[in-house]
file my_file_19.cif (mmCIF, C-alpha atoms)
data_query
loop_
_atom_site.label_atom_id
_atom_site.label_comp_id
_atom_site.auth_asym_id
_atom_site.auth_seq_id
_atom_site.Cartn_x
_atom_site.Cartn_y
_atom_site.Cartn_z
CA MET A 516 4.17 -20.47 -15.36
CA LYS A 517 7.64 -21.96 -14.76
CA THR A 518 8.76 -20.34 -18.00
CA ILE A 519 7.41 -16.99 -16.83
CA LEU A 520 9.19 -17.29 -13.50
CA LYS A 521 12.45 -18.24 -15.14
CA ALA A 522 12.19 -15.27 -17.47
CA ALA A 523 11.38 -12.97 -14.59
CA LEU A 524 14.38 -14.14 -12.60
CA LEU A 525 16.77 -13.82 -15.52
CA VAL A 526 15.48 -10.42 -16.61
CA GLY A 527 18.17 -8.01 -17.66
CA LEU A 528 21.02 -10.52 -17.87
CA ALA A 529 22.17 -9.44 -21.28
CA ALA A 530 24.96 -7.92 -23.32
CA PRO A 531 25.61 -4.17 -23.34
CA SER A 532 22.88 -2.11 -24.99
CA ALA A 533 23.52 -0.85 -28.49
CA SER A 534 22.68 2.72 -27.54
CA ALA A 535 23.23 3.85 -23.97
CA ALA A 536 20.54 5.97 -22.36
CA GLU A 537 19.78 7.76 -19.11
CA LEU A 538 16.60 6.40 -17.56
CA THR A 539 14.81 8.94 -15.39
CA VAL A 540 12.76 7.51 -12.53
CA MET A 541 10.44 10.01 -10.82
CA THR A 542 9.09 8.91 -7.46
CA ALA A 543 6.65 10.25 -4.93
CA GLY A 544 7.05 9.19 -1.32
CA ASP A 545 9.50 9.63 1.52
CA GLN A 546 13.27 9.82 1.11
CA ASN A 547 13.50 6.05 1.46
CA MET A 548 11.88 5.74 -1.96
CA VAL A 549 14.65 7.81 -3.53
CA ASP A 550 17.29 5.92 -1.56
CA TYR A 551 15.86 2.58 -2.72
CA VAL A 552 16.45 3.47 -6.38
CA ASN A 553 19.75 5.28 -5.78
CA GLU A 554 21.31 2.66 -3.55
CA TYR A 555 19.81 -0.62 -4.71
CA LEU A 556 17.53 -0.81 -7.73
CA GLY A 557 19.37 1.68 -9.96
CA PRO A 558 22.85 0.15 -9.51
CA LEU A 559 21.40 -3.34 -10.06
CA PHE A 560 19.75 -2.24 -13.30
CA GLU A 561 22.94 -0.51 -14.49
CA GLN A 562 24.94 -3.66 -13.74
CA GLN A 563 22.57 -5.78 -15.80
CA ASN A 564 22.28 -3.19 -18.60
CA PRO A 565 25.85 -1.91 -19.09
CA GLY A 566 26.19 1.60 -20.48
CA ASN A 567 22.77 2.74 -19.32
CA THR A 568 22.37 4.93 -16.25
CA VAL A 569 19.48 5.54 -13.86
CA ARG A 570 18.65 8.98 -12.49
CA VAL A 571 16.05 9.31 -9.74
CA VAL A 572 14.01 12.43 -8.95
CA GLY A 573 12.03 12.61 -5.71
CA THR A 574 8.88 14.74 -5.77
CA GLY A 575 8.07 14.58 -2.06
CA PRO A 576 5.99 12.58 0.41
CA GLY A 577 2.27 11.94 0.48
CA ASP A 578 -0.35 12.83 -2.09
CA ALA A 579 1.46 16.09 -2.87
CA GLY A 580 4.39 14.14 -4.32
CA SER A 581 2.15 12.24 -6.73
CA GLN A 582 0.24 15.41 -7.58
CA LYS A 583 3.49 17.04 -8.72
CA ILE A 584 4.06 14.15 -11.13
CA VAL A 585 0.54 14.49 -12.52
CA GLU A 586 1.07 18.22 -13.01
CA ARG A 587 4.35 17.65 -14.88
CA PHE A 588 2.69 15.18 -17.23
CA GLU A 589 -0.24 17.52 -17.74
CA ALA A 590 2.01 20.48 -18.55
CA GLN A 591 4.11 18.52 -21.03
CA SER A 592 1.02 17.02 -22.65
CA LYS A 593 -0.56 20.46 -23.12
CA ALA A 594 2.71 21.80 -24.51
CA GLY A 595 2.79 19.01 -27.08
CA SER A 596 6.26 17.86 -25.99
CA PRO A 597 7.35 14.89 -28.13
CA THR A 598 9.06 13.28 -25.11
CA TRP A 599 8.55 13.89 -21.41
CA ASP A 600 11.11 14.27 -18.63
CA ALA A 601 10.39 10.91 -16.95
CA ASP A 602 10.65 7.33 -18.18
CA VAL A 603 9.22 5.61 -15.10
CA ALA A 604 7.18 7.10 -12.26
CA VAL A 605 6.16 5.73 -8.86
CA VAL A 606 2.83 7.15 -7.71
CA HIS A 607 0.14 6.62 -5.11
CA GLU A 608 -2.83 4.47 -6.12
CA LYS A 609 -5.42 7.27 -6.14
CA PHE A 610 -3.63 9.16 -8.92
CA THR A 611 -3.39 6.33 -11.44
CA GLY A 612 -7.04 6.37 -12.51
CA PRO A 613 -7.04 10.08 -13.44
CA MET A 614 -3.74 9.65 -15.30
CA VAL A 615 -5.12 6.75 -17.33
CA LYS A 616 -8.26 8.74 -18.14
CA ALA A 617 -6.18 11.72 -19.27
CA GLY A 618 -4.06 9.54 -21.56
CA TYR A 619 -0.81 10.18 -19.69
CA LEU A 620 0.24 6.54 -19.31
CA GLU A 621 1.53 3.69 -21.46
CA SER A 622 -0.29 0.35 -21.31
CA TYR A 623 2.63 -2.00 -20.74
CA ARG A 624 1.86 -4.73 -18.21
CA SER A 625 1.11 -7.37 -20.84
CA LYS A 626 4.48 -6.65 -22.46
CA ILE A 627 6.59 -7.71 -19.47
CA ASP A 628 6.94 -11.22 -18.09
CA THR A 629 6.27 -10.22 -14.48
CA GLY A 630 2.90 -8.80 -15.44
CA ALA A 631 1.53 -12.35 -15.17
CA LEU A 632 2.65 -12.58 -11.53
CA VAL A 633 0.26 -9.87 -10.26
CA THR A 634 -2.97 -11.17 -8.73
CA ARG A 635 -4.34 -8.49 -6.37
CA ALA A 636 -7.39 -6.64 -7.56
CA ASN A 637 -5.80 -3.24 -6.90
CA ALA A 638 -3.59 -3.74 -9.95
CA ASP A 639 -6.73 -3.67 -12.10
CA MET A 640 -9.05 -1.32 -10.23
CA ALA A 641 -7.61 1.69 -8.42
CA LEU A 642 -10.25 3.26 -6.17
CA GLY A 643 -12.94 2.57 -8.74
CA SER A 644 -10.93 3.37 -11.87
CA ASN A 645 -9.94 0.70 -14.36
CA VAL A 646 -6.12 0.78 -14.56
CA SER A 647 -5.58 -2.76 -15.81
CA GLY A 648 -2.46 -2.94 -17.96
CA TYR A 649 -1.20 0.51 -16.98
CA VAL A 650 0.28 -0.21 -13.54
CA MET A 651 2.58 -2.64 -11.75
CA PRO A 652 2.53 -2.53 -7.94
CA MET A 653 5.91 -1.68 -6.46
CA TYR A 654 4.67 -2.96 -3.11
CA ASN A 655 1.50 -3.29 -1.07
CA SER A 656 1.20 -1.68 2.34
CA GLN A 657 -1.38 -3.10 4.69
CA ALA A 658 -2.99 -1.87 7.89
CA ALA A 659 -3.71 -4.38 10.65
CA LEU A 660 -4.21 -4.52 14.40
CA ALA A 661 -1.07 -4.71 16.53
CA TYR A 662 -1.47 -6.07 20.03
CA ASN A 663 0.46 -6.91 23.18
CA PRO A 664 -0.09 -10.63 23.86
CA ALA A 665 0.65 -10.14 27.55
CA LEU A 666 -2.48 -7.98 27.72
CA VAL A 667 -4.52 -9.60 24.95
CA ALA A 668 -4.51 -13.37 25.32
CA ASN A 669 -7.17 -13.99 22.68
CA PRO A 670 -7.12 -11.17 20.09
CA PRO A 671 -10.37 -10.24 18.35
CA LYS A 672 -10.55 -11.61 14.83
CA SER A 673 -13.47 -9.52 13.55
CA TYR A 674 -14.85 -6.02 13.97
CA PRO A 675 -17.73 -7.20 16.22
CA GLU A 676 -15.15 -8.94 18.43
CA ILE A 677 -13.11 -5.70 18.55
CA VAL A 678 -16.18 -3.86 19.84
CA ALA A 679 -16.78 -6.48 22.52
CA TRP A 680 -13.11 -6.51 23.60
CA ALA A 681 -12.86 -2.72 23.79
CA LYS A 682 -16.01 -2.55 25.92
CA GLU A 683 -14.41 -4.92 28.42
CA HIS A 684 -11.08 -3.05 28.37
CA PRO A 685 -11.77 0.71 28.47
CA LYS A 686 -9.16 2.98 26.86
CA MET A 687 -6.91 0.04 25.97
CA PHE A 688 -7.75 0.24 22.27
CA GLY A 689 -6.03 3.17 20.59
CA TYR A 690 -6.28 4.72 17.13
CA ASN A 691 -5.58 8.12 15.65
CA GLY A 692 -9.08 8.84 14.35
CA ILE A 693 -8.57 10.23 10.87
CA LYS A 694 -5.78 12.66 11.77
CA GLY A 695 -2.03 12.25 11.61
CA GLY A 696 -1.84 8.99 9.70
CA ALA A 697 -3.77 6.62 7.49
CA SER A 698 -3.75 3.62 9.84
CA GLY A 699 -6.67 5.22 11.69
CA VAL A 700 -8.36 6.05 8.41
CA SER A 701 -8.02 2.41 7.38
CA PHE A 702 -9.66 1.32 10.65
CA VAL A 703 -12.56 3.73 10.05
CA MET A 704 -13.08 2.52 6.48
CA GLY A 705 -13.03 -1.08 7.72
CA TRP A 706 -15.66 -0.12 10.29
CA ILE A 707 -17.95 1.17 7.53
CA TYR A 708 -17.31 -1.98 5.49
CA ALA A 709 -18.29 -4.06 8.52
CA PHE A 710 -21.25 -2.06 9.90
CA GLY A 711 -22.36 0.32 7.15
CA ASN A 712 -25.64 -1.41 6.22
CA GLY A 713 -24.85 -0.90 2.54
CA ASP A 714 -22.94 -2.59 -0.22
CA ALA A 715 -19.28 -2.61 0.84
CA LYS A 716 -18.22 -3.80 -2.59
CA ASN A 717 -19.89 -0.77 -4.14
CA LEU A 718 -17.84 1.48 -1.85
CA MET A 719 -14.66 -0.11 -3.19
CA THR A 720 -15.52 -0.31 -6.88
CA GLY A 721 -18.28 2.23 -7.51
CA PRO A 722 -20.19 3.71 -9.10
CA PHE A 723 -20.86 6.45 -6.56
CA GLU A 724 -24.47 6.60 -5.40
CA GLU A 725 -25.57 9.37 -3.07
CA SER A 726 -28.17 7.10 -1.51
CA GLU A 727 -25.40 4.82 -0.24
CA THR A 728 -24.07 7.59 2.01
CA GLN A 729 -27.39 7.68 3.86
CA LYS A 730 -26.89 4.12 5.15
CA TRP A 731 -23.96 4.90 7.44
CA GLY A 732 -25.82 6.63 10.28
CA PRO A 733 -26.04 3.68 12.72
CA ALA A 734 -22.43 2.67 11.97
CA LEU A 735 -21.15 6.19 12.66
CA ALA A 736 -23.21 6.42 15.86
CA SER A 737 -21.71 3.16 17.12
CA LEU A 738 -18.24 4.36 16.09
CA LYS A 739 -18.76 7.51 18.15
CA ASP A 740 -19.61 5.41 21.20
CA PHE A 741 -16.62 3.17 20.51
CA THR A 742 -14.27 6.16 20.17
CA LYS A 743 -15.42 7.61 23.53
CA ASN A 744 -14.22 4.36 25.08
CA ALA A 745 -10.93 4.30 23.09
CA THR A 746 -7.68 6.25 23.37
CA LEU A 747 -7.05 8.72 20.56
CA THR A 748 -3.38 8.62 19.53
CA PRO A 749 -1.39 11.38 17.78
CA GLY A 750 -0.76 9.39 14.59
CA ASN A 751 0.74 6.23 13.08
CA ALA A 752 3.89 6.46 15.20
CA GLY A 753 1.86 7.58 18.21
CA THR A 754 -0.16 4.36 18.20
CA LEU A 755 3.02 2.28 18.14
CA ASP A 756 4.57 4.41 20.86
CA LEU A 757 1.60 3.99 23.21
CA LEU A 758 1.65 0.25 22.52
CA SER A 759 5.34 0.03 23.35
CA ARG A 760 4.78 1.81 26.67
CA GLY A 761 1.79 -0.33 27.65
CA GLU A 762 -0.64 2.60 27.68
CA ILE A 763 -2.79 0.78 25.16
CA ALA A 764 -2.95 -2.94 24.37
CA MET A 765 -4.15 -2.85 20.78
CA GLY A 766 -4.50 -0.53 17.80
CA PRO A 767 -4.36 -0.26 14.00
CA VAL A 768 -0.88 0.19 12.50
CA TRP A 769 0.90 -0.16 9.17
CA VAL A 770 2.49 -3.60 9.00
CA ASP A 771 5.82 -2.34 7.59
CA MET A 772 6.10 0.28 10.38
CA PHE A 773 5.32 -2.38 12.98
CA TYR A 774 8.12 -4.67 11.79
CA SER A 775 10.56 -1.80 11.38
CA TRP A 776 9.91 -0.72 14.99
CA GLN A 777 10.45 -4.29 16.15
CA ALA A 778 13.70 -4.55 14.15
CA ASN A 779 14.92 -1.31 15.75
CA GLY A 780 14.06 -2.49 19.25
CA GLN A 781 11.27 0.08 19.65
CA LEU A 782 8.64 -2.65 20.09
CA PRO A 783 9.03 -5.89 22.06
CA PRO A 784 9.68 -8.91 19.83
CA ASP A 785 6.65 -10.79 21.14
CA PHE A 786 4.09 -8.19 19.97
CA LYS A 787 1.82 -9.55 17.23
CA LEU A 788 -0.56 -8.60 14.42
CA VAL A 789 -4.03 -9.70 13.38
CA LEU A 790 -6.09 -8.70 10.35
CA PRO A 791 -9.75 -8.71 11.41
CA SER A 792 -12.62 -9.70 9.16
CA PRO A 793 -14.20 -8.51 6.97
CA GLY A 794 -10.89 -6.70 6.45
CA MET A 795 -9.04 -3.40 6.49
CA PRO A 796 -7.79 -1.31 3.58
CA GLY A 797 -4.20 -1.17 2.44
CA GLN A 798 -2.71 0.59 -0.55
CA PRO A 799 -0.02 0.04 -3.15
CA MET A 800 2.50 2.32 -4.77
CA HIS A 801 2.45 1.79 -8.53
CA TYR A 802 5.09 1.82 -11.23
CA VAL A 803 3.77 3.63 -14.31
CA ILE A 804 5.39 4.48 -17.64
CA PRO A 805 4.45 7.86 -19.11
CA ALA A 806 2.92 7.88 -22.57
CA LYS A 807 5.80 9.97 -23.95
CA SER A 808 8.77 8.26 -22.33
CA ALA A 809 11.90 8.69 -24.43
CA ASN A 810 13.02 5.16 -23.50
CA VAL A 811 9.92 2.97 -23.42
CA ALA A 812 11.68 -0.37 -24.00
CA LEU A 813 14.27 0.39 -21.33
CA ALA A 814 11.55 1.56 -18.94
CA GLU A 815 9.74 -1.75 -19.41
CA LYS A 816 12.96 -3.62 -18.61
CA PHE A 817 13.39 -1.52 -15.48
CA VAL A 818 9.88 -2.28 -14.17
CA GLN A 819 10.29 -5.94 -15.08
CA LEU A 820 13.44 -6.11 -12.98
CA ALA A 821 11.82 -4.15 -10.13
CA THR A 822 8.88 -6.56 -10.00
CA SER A 823 10.82 -9.82 -10.45
CA PRO A 824 10.56 -12.32 -7.58
CA LYS A 825 14.21 -11.93 -6.58
CA VAL A 826 14.10 -8.12 -6.39
CA GLN A 827 10.71 -8.13 -4.68
CA ALA A 828 12.15 -10.51 -2.07
CA GLU A 829 15.42 -8.71 -1.49
CA GLY A 830 14.41 -5.10 -2.10
CA ILE A 831 10.78 -4.91 -0.99
CA VAL A 832 10.33 -7.56 1.70
CA THR A 833 13.80 -7.86 3.28
CA ARG A 834 14.81 -4.19 3.16
CA PHE A 835 11.50 -2.49 3.96
CA ASN A 836 9.10 -5.08 5.42
CA TRP A 837 6.59 -4.19 2.72
CA TYR A 838 4.33 -6.81 1.20
CA PRO A 839 5.37 -7.63 -2.36
CA GLY A 840 3.59 -6.09 -5.32
CA ILE A 841 3.42 -9.44 -7.09
CA ASP A 842 1.73 -12.50 -5.61
CA ALA A 843 3.64 -13.54 -2.49
CA LYS A 844 3.73 -17.19 -3.55
CA TYR A 845 6.21 -16.29 -6.30
CA VAL A 846 8.44 -14.49 -3.80
CA GLN A 847 8.57 -17.19 -1.12
CA ALA A 848 11.27 -19.25 -2.86
CA GLU A 849 13.57 -16.19 -2.82
CA LEU A 850 13.26 -15.63 0.94
CA ASP A 851 14.87 -17.48 3.83
CA GLN A 852 12.40 -19.08 6.20
CA LYS A 853 13.05 -16.55 8.98
CA THR A 854 12.17 -13.56 6.78
CA TRP A 855 9.11 -15.27 5.33
CA ALA A 856 7.92 -16.31 8.78
CA LYS A 857 8.36 -12.79 10.15
CA LEU A 858 6.18 -11.19 7.49
CA PHE A 859 3.60 -13.93 6.97
CA THR A 860 3.17 -15.85 10.25
CA ASP A 861 0.67 -13.50 11.91
CA ILE A 862 -0.95 -12.45 8.65
CA SER A 863 -0.85 -15.11 5.96
CA PRO A 864 -0.92 -14.57 2.19
CA GLU A 865 -4.47 -15.95 2.35
CA ASP A 866 -5.39 -13.28 4.90
CA ILE A 867 -3.99 -10.62 2.58
CA ALA A 868 -5.89 -12.05 -0.38
CA THR A 869 -9.25 -12.24 1.44
CA LYS A 870 -9.08 -9.42 4.02
CA GLY A 871 -6.66 -6.93 2.46
CA LYS A 872 -9.21 -4.44 1.11
CA PRO A 873 -8.84 -1.37 -1.12
CA PHE A 874 -9.85 2.03 0.20
CA PRO A 875 -13.25 3.28 -1.00
CA ILE A 876 -13.39 5.12 -4.30
CA ALA A 877 -12.61 8.81 -3.91
CA PRO A 878 -16.20 10.18 -3.60
CA TYR A 879 -17.10 7.63 -0.92
CA ASN A 880 -13.74 8.06 0.80
CA ASN A 881 -14.28 11.81 1.05
CA ALA A 882 -17.90 11.37 2.17
CA ILE A 883 -16.89 8.98 4.96
CA LEU A 884 -14.18 11.35 6.22
CA GLU A 885 -16.61 14.28 6.20
CA ALA A 886 -19.25 12.22 7.99
CA TYR A 887 -16.69 11.17 10.59
CA GLU A 888 -15.81 14.80 11.29
CA LYS A 889 -19.47 15.74 11.70
CA GLN A 890 -20.82 12.70 13.52
CA VAL A 891 -17.90 11.12 15.38
CA SER A 892 -15.40 13.88 16.16
CA ASN A 893 -18.08 16.29 17.47
#
call {"tool": "encode", "arguments": {"input": "my_file_19.cif", "output": "structure tokens"}}
result
Amino acid sequence: MKTILKAALLVGLAAPSASAAELTVMTAGDQNMVDYVNEYLGPLFEQQNPGNTVRVVGTGPGDAGSQKIVERFEAQSKAGSPTWDADVAVVHEKFTGPMVKAGYLESYRSKIDTGALVTRANADMALGSNVSGYVMPMYNSQAALAYNPALVANPPKSYPEIVAWAKEHPKMFGYNGIKGGASGVSFVMGWIYAFGNGDAKNLMTGPFEESETQKWGPALASLKDFTKNATLTPGNAGTLDLLSRGEIAMGPVWVDMFYSWQANGQLPPDFKLVLPSPGMPGQPMHYVIPAKSANVALAEKFVQLATSPKVQAEGIVTRFNWYPGIDAKYVQAELDQKTWAKLFTDISPEDIATKGKPFPIAPYNNAILEAYEKQVSN
């Protein structure tokens, strides 16, 4: 493993390439994803691979941005294009399975040294689809409960404890339902994992069984009662805003947003996080290489650099407060103690490994959201 780590850290330190190329990186996500490649990752790659250039194309935020990438690959595949207009793409987890099934992606993870540093299950199974070998996580986002320790002396560490706490503190737990942000969706999925009377593992890995959806009735009824006693927030940012103003004492948030708000002074520095058992879903963004990349070898070098411990530490953790795509234990040596402590004191790598869950596979995910609308919202 030491050899692997050494190779990962030294990736790209080489002489000028024999034939210069322009590497096109297509990324879904917010503008910060484009800025990350333009301002940090691209220049670093160009420095280590003289003569080559990196061009980044943003396709837009949310699922729509990833869908545009899928549609481009589909169109070029149907047209029989010998090479496609992207060499690397960054897409949301839910789109990788369909792309693998359609034959749009290169299987490359075993060809790069950093492929051995990935340990989370979502790099092998993406919402029930086997994507092993075809993806490398750029980062992992994770939902957790944020709380005000002045109002919550002993935070609940499990979903049953959340229910008990909220009953004793009416309207002080806030979440956005399933509207306006996925932190609330993550909380709802975790509720079904905890109370759904079915096989939670089956929800995460499949196969889809209609009979499983009939086991959620009691869980949804209890969630409706819980929600009547909670405060509904207007979205991810809304939950954080109500926390900052003391209108609620606890609620599900995205960890990176929480730390960014603290860094900007929008949240008090003493606010904390807890990841309750049995867990809450998070989701990665994945690096993929299209099957018809014009620069496959260079694309592999790019992803290898992007997922090396040093770049994951500096680019992913320090700049954005995201959890690394590779196993955090390989990143720790590249971080100062203050940065490591900030990201991993409240929620440890062990917490992430045991309680950082994937979202349900698409059919279950959709069924839970529909059931929520019918049985909880009404």
call {"tool": "resolve_selection", "arguments": {"input": "my_file_19.cif", "expression": "the PyMOL selection byres ((chain A and resi 793-808) around 7)", "output": "PyMOL selection string"}}
result
chain A and resi 597-599+601-608+619-621+649-659+673+701-702+705+709+790-792+809-811+814+818+870-874
call {"tool": "residues_around", "arguments": {"input": "my_file_19.cif", "residues": "A:Asp861", "least_positions_apart": "6", "cutoff": "12 Å", "atoms": "only C-alpha atoms", "output": "ChimeraX atom specification"}}
result
/A:659-662,670,672,770,774,785-791,855,867
call {"tool": "closest_residue", "arguments": {"input": "my_file_19.cif", "among": "A:Val572, A:Arg760, A:Ile707, A:Val768", "to": "A:Leu738", "atoms": "only C-alpha atoms"}}
result
A:Ile707
call {"tool": "resolve_selection", "arguments": {"input": "my_file_19.cif", "expression": "the PyMOL selection byres ((chain A and resi 639-647) around 10)", "output": "ChimeraX atom specification"}}
result
/A:607-616,620,622-625,633-638,648-651,717-723,798-799,873-880
call {"tool": "resolve_selection", "arguments": {"input": "my_file_19.cif", "expression": "the PyMOL selection byres ((chain A and resi 842) around 10)", "output": "list in words"}}
result
Ala631, Leu632, Val633, Thr634, Arg635, Pro824, Tyr838, Pro839, Gly840, Ile841, Ala843, Lys844, Tyr845, Val846, Gln847, Pro864 and Ala868 of chain A
call {"tool": "write_last_selection", "arguments": {"input": "my_file_19.cif", "atoms": "C-alpha atoms", "output": "PDB file, keeping the file's coordinate frame"}}
result
ATOM      1  CA  ALA A 631       1.530 -12.350 -15.170  1.00  0.00           C
ATOM      2  CA  LEU A 632       2.650 -12.580 -11.530  1.00  0.00           C
ATOM      3  CA  VAL A 633       0.260  -9.870 -10.260  1.00  0.00           C
ATOM      4  CA  THR A 634      -2.970 -11.170  -8.730  1.00  0.00           C
ATOM      5  CA  ARG A 635      -4.340  -8.490  -6.370  1.00  0.00           C
ATOM      6  CA  PRO A 824      10.560 -12.320  -7.580  1.00  0.00           C
ATOM      7  CA  TYR A 838       4.330  -6.810   1.200  1.00  0.00           C
ATOM      8  CA  PRO A 839       5.370  -7.630  -2.360  1.00  0.00           C
ATOM      9  CA  GLY A 840       3.590  -6.090  -5.320  1.00  0.00           C
ATOM     10  CA  ILE A 841       3.420  -9.440  -7.090  1.00  0.00           C
ATOM     11  CA  ALA A 843       3.640 -13.540  -2.490  1.00  0.00           C
ATOM     12  CA  LYS A 844       3.730 -17.190  -3.550  1.00  0.00           C
ATOM     13  CA  TYR A 845       6.210 -16.290  -6.300  1.00  0.00           C
ATOM     14  CA  VAL A 846       8.440 -14.490  -3.800  1.00  0.00           C
ATOM     15  CA  GLN A 847       8.570 -17.190  -1.120  1.00  0.00           C
ATOM     16  CA  PRO A 864      -0.920 -14.570   2.190  1.00  0.00           C
ATOM     17  CA  ALA A 868      -5.890 -12.050  -0.380  1.00  0.00           C
TER      18      ALA A 868
END
call {"tool": "atom_distance", "arguments": {"input": "my_file_19.cif", "atom1": "atom CA of A:Pro565", "atom2": "atom CA of A:Ala848"}}
result
27.9 Å
call {"tool": "axis_aligned_box", "arguments": {"input": "my_file_19.cif", "around": "stretch 557-561 of chain A", "padding_each_side": "8 Å", "output": "JSON"}}
result
{"center_x": 21.2, "center_y": -0.8, "center_z": -12.0, "size_x": 19.6, "size_y": 21.0, "size_z": 21.0}
call {"tool": "closest_residue", "arguments": {"input": "my_file_19.cif", "among": "A:Ile883, A:Leu757, A:Val667, A:Val549", "to": "A:Gly711", "atoms": "only C-alpha atoms"}}
result
A:Ile883
call {"tool": "decode", "arguments": {"input": "my_file_19.cif", "residues": "stretch 681-687 of chain A", "atoms": "all heavy atoms", "output": "mmCIF file, in the first residue's frame"}}
result
data_model
loop_
_atom_site.group_PDB
_atom_site.id
_atom_site.type_symbol
_atom_site.label_atom_id
_atom_site.label_comp_id
_atom_site.auth_asym_id
_atom_site.auth_seq_id
_atom_site.Cartn_x
_atom_site.Cartn_y
_atom_site.Cartn_z
ATOM 1 N N ALA A 681 -37.763 15.306 20.101
ATOM 2 C CA ALA A 681 -38.690 16.233 19.444
ATOM 3 C C ALA A 681 -40.031 16.305 20.182
ATOM 4 O O ALA A 681 -40.673 17.364 20.219
ATOM 5 C CB ALA A 681 -38.896 15.821 17.990
ATOM 6 N N LYS A 682 -40.443 15.201 20.769
ATOM 7 C CA LYS A 682 -41.700 15.190 21.522
ATOM 8 C C LYS A 682 -41.599 16.084 22.753
ATOM 9 O O LYS A 682 -42.562 16.751 23.147
ATOM 10 C CB LYS A 682 -42.051 13.749 21.928
ATOM 11 C CG LYS A 682 -43.445 13.590 22.503
ATOM 12 C CD LYS A 682 -43.782 12.113 22.705
ATOM 13 C CE LYS A 682 -45.208 11.943 23.209
ATOM 14 N NZ LYS A 682 -45.554 10.499 23.379
ATOM 15 N N GLU A 683 -40.415 16.113 23.342
ATOM 16 C CA GLU A 683 -40.195 16.931 24.535
ATOM 17 C C GLU A 683 -39.928 18.397 24.194
ATOM 18 O O GLU A 683 -40.011 19.264 25.071
ATOM 19 C CB GLU A 683 -39.019 16.366 25.346
ATOM 20 C CG GLU A 683 -39.277 15.005 25.956
ATOM 21 C CD GLU A 683 -38.051 14.469 26.687
ATOM 22 O OE1 GLU A 683 -37.057 15.223 26.803
ATOM 23 O OE2 GLU A 683 -38.091 13.312 27.129
ATOM 24 N N HIS A 684 -39.593 18.670 22.928
ATOM 25 C CA HIS A 684 -39.240 20.037 22.520
ATOM 26 C C HIS A 684 -40.021 20.394 21.246
ATOM 27 O O HIS A 684 -39.459 20.384 20.148
ATOM 28 C CB HIS A 684 -37.735 20.148 22.271
ATOM 29 C CG HIS A 684 -36.895 19.771 23.460
ATOM 30 N ND1 HIS A 684 -36.537 18.457 23.724
ATOM 31 C CD2 HIS A 684 -36.360 20.526 24.457
ATOM 32 C CE1 HIS A 684 -35.802 18.428 24.818
ATOM 33 N NE2 HIS A 684 -35.680 19.660 25.291
ATOM 34 N N PRO A 685 -41.306 20.683 21.381
ATOM 35 C CA PRO A 685 -42.157 20.948 20.208
ATOM 36 C C PRO A 685 -41.617 22.075 19.334
ATOM 37 O O PRO A 685 -41.173 23.114 19.829
ATOM 38 C CB PRO A 685 -43.508 21.337 20.835
ATOM 39 C CG PRO A 685 -43.485 20.726 22.196
ATOM 40 C CD PRO A 685 -42.057 20.775 22.640
ATOM 41 N N LYS A 686 -41.642 21.820 18.027
ATOM 42 C CA LYS A 686 -41.270 22.779 16.978
ATOM 43 C C LYS A 686 -39.793 23.158 16.971
ATOM 44 O O LYS A 686 -39.377 24.014 16.187
ATOM 45 C CB LYS A 686 -42.115 24.061 17.080
ATOM 46 C CG LYS A 686 -43.613 23.840 16.896
ATOM 47 C CD LYS A 686 -43.926 23.285 15.513
ATOM 48 C CE LYS A 686 -45.415 23.082 15.299
ATOM 49 N NZ LYS A 686 -45.719 22.548 13.950
ATOM 50 N N MET A 687 -38.988 22.517 17.805
ATOM 51 C CA MET A 687 -37.570 22.860 17.841
ATOM 52 C C MET A 687 -36.731 21.982 16.911
ATOM 53 O O MET A 687 -35.539 22.217 16.746
ATOM 54 C CB MET A 687 -37.034 22.776 19.271
ATOM 55 C CG MET A 687 -37.636 23.826 20.194
ATOM 56 S SD MET A 687 -37.404 25.528 19.569
ATOM 57 C CE MET A 687 -35.654 25.750 19.857
#
